[in-house]
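**Student:** Please see the structure below; I have some questions.
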Amino acid sequence: MPRAARAGINLRALHPNLQRAKAAAPRSQQFSVIKANGYGHGLVPVAQALKESNGFGVASVEEALELKAAGITQPILLLEGFFHADELEQIQQYDLQIVVHHEQQLAALETLSAKNISHQKPITVWLKIDTGMHRLGFETDVAPEMVQRLMACDVVNKPLRLMTHLASADDMRNKATQQQIESFKTISFDENTEKNIERSVANSAGILGWMGSYSDISRPGILLYGVSPFLNEAGSDRGLLPVMTLRSELIAIKQCKQGDAVGYGGEWVCPENMLVGVVGIGYGDGYPRHAKAGTPVLVDGKRVPLVGRVSMDMICVDLRECPEAQVGSDVILWGEGLPAEEVAESASTIAYDLFCGVTSRVPREYVSDSSQGESIEGESSGGNYNGGNHSG
Ligand SMILES: Cc1ncc(COP(=O)(O)O)c(C=O)c1O
C-alpha cells in the first residue's frame, strides 16, 4: 500500500469559481492566473477545466509551452514577460503575450522591430505600470512615453494593454488600493491612442471587493481555487468552492499518559491520560512545518487539534473529542469541510503557500465532469486531463 497522503483536485469547482469572477465583473475579460503549476493544482488540468477563460497568466515560457503542448488555444500571457531577449523568438513562434515592465525589455522589442525582418509575427504587449506596489513596472509619469515607444514598434500588436497590480487589495480598510486605482486612472492619452489601449487592474481581491478596479481585463487567481482573497474570511463566505482537498489517514493511535510529551522537542505535554492519533502526512508532503498546536484537522469529519511539532512524514492529533477514530480513519488537512485559509492562518502563512507547497510525492487525484465523480489515482485522470507534469 502506498502512503495515504494525497491531494484530491475537484476540477468541477473551477468553472463555478470562474463564474463568480465573471458575475462580479461581467464586462471584463478573464485571464485566469494559473502560474506555479496552477497554484499547485496542476497546470494543464486546471487550464482544461477553465476553458471559458479568455486567456491564461503564467510565469515562464516553459509553463506556456506545456499548455500549448496540451492543446490549450486561449491566449497565454507571461506575467513577468521575458527574462532574456533570446526568448523573443519562441514568444513569436508560439504567439505568447508578454508583460513589459522594464527598460531592457522595451529596448529589446525596439531592437527586434529595427531589424526590419519581413513577416514578423506581432507580439501582444501588456505594459506594466507601478502604481504603488514598488515591485515591477514603470512609474506612472513615464507611462505615456513608454506607450508611444511601444506603439512605434512594428513588432508590437495593437491594441496595447496597460496593466497594474494591486498590493493590498486583500484588506478592505487599506486606503492604498483606492490610491492605486486613482493613480492608474490618471494616466491618459489622446483619443486615438486611448482607442488602442485596453486596461487591466483587478486580481481576485479587486474583482470581489473593489469595483473601481474593474476594467477591460481581470486577472483572477486565488479565487479560482476556492479561497477568499480577503483577511479573516473563507472562500465559502463568497460562494467559492474548494478545489484542493489534502487528505491522509491515521496510521497509529497511542494511549498516552498525563505528562507524556508528544513529538520532537517534547513541547506539547498531555494534560491527562488520552488518545493521540498519528496522521501520515508531514512537511515532506507540504503540510506546513510551522502549524501551531491547535491547528484544526478533520478526523472522520470531526475537528480535532494538532498537537506537538510537525515532522517530515507525520503529525499528531488530540483524539479526546474523537474516541471512535481508528487506524485507517480518513483525515482531511484542508479543503472540503476545513478551509485552507484557517489552516494557513494557524501556520502563519497564506493558502497560496499551502497549495504551492504540496510536494511531488503527494499524488493528485483529479475529479472532473467526465470522470463522473470518481477519483482517479495518480497524476492523470480518465476525465478531460491528458497528462502533464507536477512538480509540486
Ligand atoms: C500580475 C498578477 N495578476 C494577477 C494575479 C492573481 O492574483 P490573485 O491570486 O491574488 O488573484 C497575480 C498573482 O500573483 C499576479 O502576479
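In the C-alpha cells, each chain is lettered A, B, ... as it comes, each chain's residues begin at 1, and ligands are numbered from 1 in order of appearance.
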Extract, using only C-alpha atoms, all DNA, RNA and protein residues at most 7 Å from Pro229 in chain A, discarding same-chain residues fewer than 4 positions from it, and format them as a ChimeraX atom specification.

**Tutor:** /A:170,204-205,222-223

**Student:** Just C-alpha atoms for this one: save the residues we selected as a PDB file, in the first residue's frame.

**Tutor:**
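Listing of selection.pdb after writing:
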ATOM      1  CA  ASP A 170      -6.928  41.891   0.424  1.00  0.00           C
ATOM      2  CA  SER A 204      -9.087  38.234  -7.096  1.00  0.00           C
ATOM      3  CA  ALA A 205      -9.385  40.819  -4.333  1.00  0.00           C
ATOM      4  CA  ILE A 222      -6.677  32.515  -5.833  1.00  0.00           C
ATOM      5  CA  LEU A 223     -10.456  32.845  -6.044  1.00  0.00           C
TER       6      LEU A 223
END

**Student:** With a distance cut-off of 10 Å and only C-alpha atoms, select the neighbouring residues of Ser348 in chain A, excluding the residue or stretch itself and same-chain residues fewer than 6 positions from it, and output the selection as a ChimeraX atom specification.

**Tutor:** /A:288,290-292,342

**Student:** Those residues with C-alpha atoms, as a compact mmCIF listing (two decimals), in the first residue's frame please?

**Tutor:**
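The resulting out_27.txt:
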# COMPACT_ATOMS: atom_id res chain seq x y z
CA PRO A 288 3.27 23.48 6.98
CA HIS A 290 5.09 25.85 11.50
CA ALA A 291 1.46 24.88 12.02
CA LYS A 292 0.77 25.63 15.68
CA GLU A 342 -7.96 28.68 8.56

**Student:** Just checking: using only C-alpha atoms, which residue out of A:Gly235, A:Pro305, A:Gly265, A:Gly286 ends up closest to Phe355 in chain A?

**Tutor:**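 Among A:Gly235, A:Pro305, A:Gly265, A:Gly286, it is A:Gly286 that comes nearest to Phe355 in chain A.
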
**Student:** At a cut-off of 9 Å around ligand 1, and using only C-alpha atoms and all ligand atoms, what residues come up? Please write them as a ChimeraX atom specification.

**Tutor:** /A:31-35,39,57-59,79-80,99,128,163-166,169-170,200-207,218-225,229,352

**Student:** Hey, can you check how far CA of Ala114 in chain A sits from CA of Ala64 in chain A?

**Tutor:**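 CA of Ala64 in chain A lies at a distance of 26.7 Å from CA of Ala114 in chain A.
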
**Student:** With only C-alpha atoms as the counted atoms, please give the residues lying no more than 12 Å from Asp300 in chain A, apart from itself and same-chain residues fewer than 3 positions off, as a PyMOL selection string.

**Tutor:** chain A and resi 247-250+297+303-304+319+321-333+337

**Student:** Could the residues in this selection be written to a file with N, CA and C atoms, as a PDB file, in the first residue's frame?

**Tutor:**
ATOM      1  N   ARG A 247      -5.631  15.092   1.950  1.00  0.00           N
ATOM      2  CA  ARG A 247      -6.108  14.034   2.863  1.00  0.00           C
ATOM      3  C   ARG A 247      -4.987  13.094   3.237  1.00  0.00           C
ATOM      4  N   SER A 248      -5.220  12.361   4.293  1.00  0.00           N
ATOM      5  CA  SER A 248      -4.389  11.210   4.609  1.00  0.00           C
ATOM      6  C   SER A 248      -5.202  10.302   5.534  1.00  0.00           C
ATOM      7  N   GLU A 249      -4.507   9.494   6.324  1.00  0.00           N
ATOM      8  CA  GLU A 249      -5.200   8.577   7.233  1.00  0.00           C
ATOM      9  C   GLU A 249      -4.459   8.537   8.548  1.00  0.00           C
ATOM     10  N   LEU A 250      -5.169   8.046   9.573  1.00  0.00           N
ATOM     11  CA  LEU A 250      -4.476   7.762  10.838  1.00  0.00           C
ATOM     12  C   LEU A 250      -3.643   6.499  10.620  1.00  0.00           C
ATOM     13  N   VAL A 297      -7.746  19.886  12.362  1.00  0.00           N
ATOM     14  CA  VAL A 297      -7.590  18.744  11.442  1.00  0.00           C
ATOM     15  C   VAL A 297      -8.923  17.999  11.514  1.00  0.00           C
ATOM     16  N   ARG A 303     -13.600  17.796  13.907  1.00  0.00           N
ATOM     17  CA  ARG A 303     -12.449  18.680  14.121  1.00  0.00           C
ATOM     18  C   ARG A 303     -11.672  18.264  15.352  1.00  0.00           C
ATOM     19  N   VAL A 304     -10.389  18.059  15.190  1.00  0.00           N
ATOM     20  CA  VAL A 304      -9.535  17.797  16.352  1.00  0.00           C
ATOM     21  C   VAL A 304      -8.301  18.685  16.207  1.00  0.00           C
ATOM     22  N   LEU A 319      -7.059  13.132  20.156  1.00  0.00           N
ATOM     23  CA  LEU A 319      -8.282  12.396  19.783  1.00  0.00           C
ATOM     24  C   LEU A 319      -9.321  12.371  20.903  1.00  0.00           C
ATOM     25  N   GLU A 321     -11.722  14.251  21.522  1.00  0.00           N
ATOM     26  CA  GLU A 321     -13.094  14.518  21.041  1.00  0.00           C
ATOM     27  C   GLU A 321     -13.518  13.542  19.944  1.00  0.00           C
ATOM     28  N   CYS A 322     -12.662  12.566  19.672  1.00  0.00           N
ATOM     29  CA  CYS A 322     -12.972  11.648  18.566  1.00  0.00           C
ATOM     30  C   CYS A 322     -12.542  10.222  18.966  1.00  0.00           C
ATOM     31  N   PRO A 323     -13.108   9.720  20.075  1.00  0.00           N
ATOM     32  CA  PRO A 323     -12.628   8.434  20.615  1.00  0.00           C
ATOM     33  C   PRO A 323     -12.906   7.248  19.693  1.00  0.00           C
ATOM     34  N   GLU A 324     -13.852   7.424  18.764  1.00  0.00           N
ATOM     35  CA  GLU A 324     -14.204   6.317  17.866  1.00  0.00           C
ATOM     36  C   GLU A 324     -13.217   6.168  16.698  1.00  0.00           C
ATOM     37  N   ALA A 325     -12.265   7.100  16.587  1.00  0.00           N
ATOM     38  CA  ALA A 325     -11.311   7.041  15.460  1.00  0.00           C
ATOM     39  C   ALA A 325     -10.506   5.744  15.509  1.00  0.00           C
ATOM     40  N   GLN A 326     -10.108   5.273  14.328  1.00  0.00           N
ATOM     41  CA  GLN A 326      -9.347   4.022  14.234  1.00  0.00           C
ATOM     42  C   GLN A 326      -8.178   4.219  13.289  1.00  0.00           C
ATOM     43  N   VAL A 327      -7.220   3.308  13.377  1.00  0.00           N
ATOM     44  CA  VAL A 327      -6.167   3.315  12.374  1.00  0.00           C
ATOM     45  C   VAL A 327      -6.862   3.159  11.018  1.00  0.00           C
ATOM     46  N   GLY A 328      -6.494   4.017  10.062  1.00  0.00           N
ATOM     47  CA  GLY A 328      -7.162   3.984   8.756  1.00  0.00           C
ATOM     48  C   GLY A 328      -8.262   5.025   8.639  1.00  0.00           C
ATOM     49  N   SER A 329      -8.612   5.689   9.768  1.00  0.00           N
ATOM     50  CA  SER A 329      -9.644   6.742   9.677  1.00  0.00           C
ATOM     51  C   SER A 329      -9.202   7.826   8.700  1.00  0.00           C
ATOM     52  N   ASP A 330     -10.189   8.362   7.992  1.00  0.00           N
ATOM     53  CA  ASP A 330      -9.943   9.412   6.997  1.00  0.00           C
ATOM     54  C   ASP A 330      -9.561  10.721   7.690  1.00  0.00           C
ATOM     55  N   VAL A 331      -8.547  11.384   7.159  1.00  0.00           N
ATOM     56  CA  VAL A 331      -8.113  12.654   7.739  1.00  0.00           C
ATOM     57  C   VAL A 331      -8.065  13.712   6.632  1.00  0.00           C
ATOM     58  N   ILE A 332      -8.660  14.858   6.898  1.00  0.00           N
ATOM     59  CA  ILE A 332      -8.576  15.987   5.956  1.00  0.00           C
ATOM     60  C   ILE A 332      -7.751  17.083   6.614  1.00  0.00           C
ATOM     61  N   LEU A 333      -6.742  17.532   5.874  1.00  0.00           N
ATOM     62  CA  LEU A 333      -5.848  18.570   6.400  1.00  0.00           C
ATOM     63  C   LEU A 333      -6.324  19.955   5.994  1.00  0.00           C
ATOM     64  N   GLY A 337     -14.750  20.988   3.958  1.00  0.00           N
ATOM     65  CA  GLY A 337     -15.076  20.947   5.388  1.00  0.00           C
ATOM     66  C   GLY A 337     -14.048  21.625   6.278  1.00  0.00           C
TER      67      GLY A 337
END

**Student:** Taking a cut-off of 7 Å and counting only C-alpha atoms, can you build a table that, for each residue of range 271-390 of chain A near range 252-258 of chain A, reports the nearest atom pair and how far apart they are in Å (one decimal), sorted by chain then residue number, as JSON lines?

**Tutor:**
{"residue": "A:Pro271", "atom": "CA", "partner": "A:Gln258", "partner_atom": "CA", "distance": 5.3}
{"residue": "A:Glu272", "atom": "CA", "partner": "A:Gln258", "partner_atom": "CA", "distance": 3.9}
{"residue": "A:Asn273", "atom": "CA", "partner": "A:Lys257", "partner_atom": "CA", "distance": 4.2}
{"residue": "A:Met274", "atom": "CA", "partner": "A:Cys256", "partner_atom": "CA", "distance": 5.4}
{"residue": "A:Leu275", "atom": "CA", "partner": "A:Gln255", "partner_atom": "CA", "distance": 4.7}
{"residue": "A:Val276", "atom": "CA", "partner": "A:Lys254", "partner_atom": "CA", "distance": 5.1}
{"residue": "A:Gly277", "atom": "CA", "partner": "A:Ile253", "partner_atom": "CA", "distance": 4.4}
{"residue": "A:Val278", "atom": "CA", "partner": "A:Ala252", "partner_atom": "CA", "distance": 5.1}
{"residue": "A:Val327", "atom": "CA", "partner": "A:Ala252", "partner_atom": "CA", "distance": 5.5}

**Student:** Filtering to C-alpha atoms, could you give me those residues as a PDB file, in the first residue's frame?

**Tutor:**
ATOM      1  CA  PRO A 271      -2.791  17.260  30.182  1.00  0.00           C
ATOM      2  CA  GLU A 272      -4.435  13.935  31.109  1.00  0.00           C
ATOM      3  CA  ASN A 273      -4.473  10.312  30.034  1.00  0.00           C
ATOM      4  CA  MET A 274      -5.619  10.498  26.419  1.00  0.00           C
ATOM      5  CA  LEU A 275      -5.576   9.080  22.905  1.00  0.00           C
ATOM      6  CA  VAL A 276      -3.135  10.650  20.449  1.00  0.00           C
ATOM      7  CA  GLY A 277      -3.570   9.910  16.750  1.00  0.00           C
ATOM      8  CA  VAL A 278      -0.666   9.831  14.301  1.00  0.00           C
ATOM      9  CA  VAL A 327      -6.167   3.315  12.374  1.00  0.00           C
TER      10      VAL A 327
END
